[in-house]
Amino acid sequence: MTVRRNLMVDYIDLYLIHWPVAVTPGKAFPFSKEDILPMDFKSVWESMEECQRLGLTRAIGVSNFSCKKIQILLATAKIPPAVNQVEMNPVWQQRKLKEFCKEKGIVITAYSPLGGGAPTGTNKVMECEILQEIAEAKGKTIAQVCLRWAYEQGISFIVKSFNKERMKENLGIFDWSLSLDELQKIEQIPQQKRFVGQDFVAEEGPYKSSIQELWDGEI
């Protein structure tokens, strides 16, 4: 297992299928769109199940999988995914996917829980007036409100910072809570997908027309 050797560990905690696509064997990121191939979910998942049985990983999961793709995987899986890692935040709440995963016992891990960031242009999360109002009323930052919201949804999340003070701030979400009224306000925030995954849409690949096809029309 190359990943394990590169990390110089006996096992990894969680091994994920990062996107529901394959690439030409031997090709590494960044790859050309001609190298994007359909993924054989059944055989890939069987190999990952074997990794778990051999103790090479403690858990296996998926990332950027729609309800439909998870259902396809579950139809033949002997070990269900422990996690589905997807973009999720108050401006893109993924309600249908969240409920589906909860029903199947799959934990959601949110990436971009604070929104996009500089490379993707304006950040609709950090600019959201509803979140700003809640943050000011509670004496918290918008980031803390977003992370507390995710925590109260039963969602694990990945938040990155190179700033020591922001790291401390991100941990300051466990000694307070959002009120029912505040949760209802967040529920009413207009939803805006950031469209991560556009690079996998290609005329030569399995998802030819749009990112909607990649997500099986669920976004």
# chains A, B, ... in the order shown; residues from 1 in each chain; ligands from 1
$ closest_atom_pairs --of "segment 72-166 of chain A" --to "segment 9-33 of chain A" --cutoff "9 Å" --atoms "only C-alpha atoms" --output "CSV"
residue,atom,partner,partner_atom,distance
A:Pro81,CA,A:Leu16,CA,8.8
A:Ala82,CA,A:Leu14,CA,8.6
A:Val83,CA,A:Leu16,CA,8.2
A:Asn84,CA,A:Leu16,CA,8.5
A:Gln85,CA,A:His18,CA,8.3
$ closest_atom_pairs --of "segment 41-98 of chain A" --to "segment 132-149 of chain A" --cutoff "12 Å" --atoms "only C-alpha atoms" --output "CSV"
residue,atom,partner,partner_atom,distance
A:Met88,CA,A:Cys146,CA,10.1
A:Asn89,CA,A:Cys146,CA,6.8
A:Pro90,CA,A:Cys146,CA,6.6
A:Val91,CA,A:Cys146,CA,9.6
A:Trp92,CA,A:Cys146,CA,11.3
A:Gln93,CA,A:Trp149,CA,10.3
$ atom_distance --atom1 "atom CA of Ala75 of chain A" --atom2 "atom CA of Trp45 of chain A"
11.4 Å
$ closest_residue --among "A:Ser112, A:Ser66, A:Thr2, A:Gln52" --to "Leu214 of chain A" --atoms "only C-alpha atoms"
A:Ser66
$ select_by_dssp --residues "chain A" --states "helix (DSSP H, G or I)" --output "number ranges by chain"
A: 2-7, 33-35, 41-53, 67-74, 95-104, 118-120, 129-138, 142-152, 164-171, 180-187, 198-200, 211-214
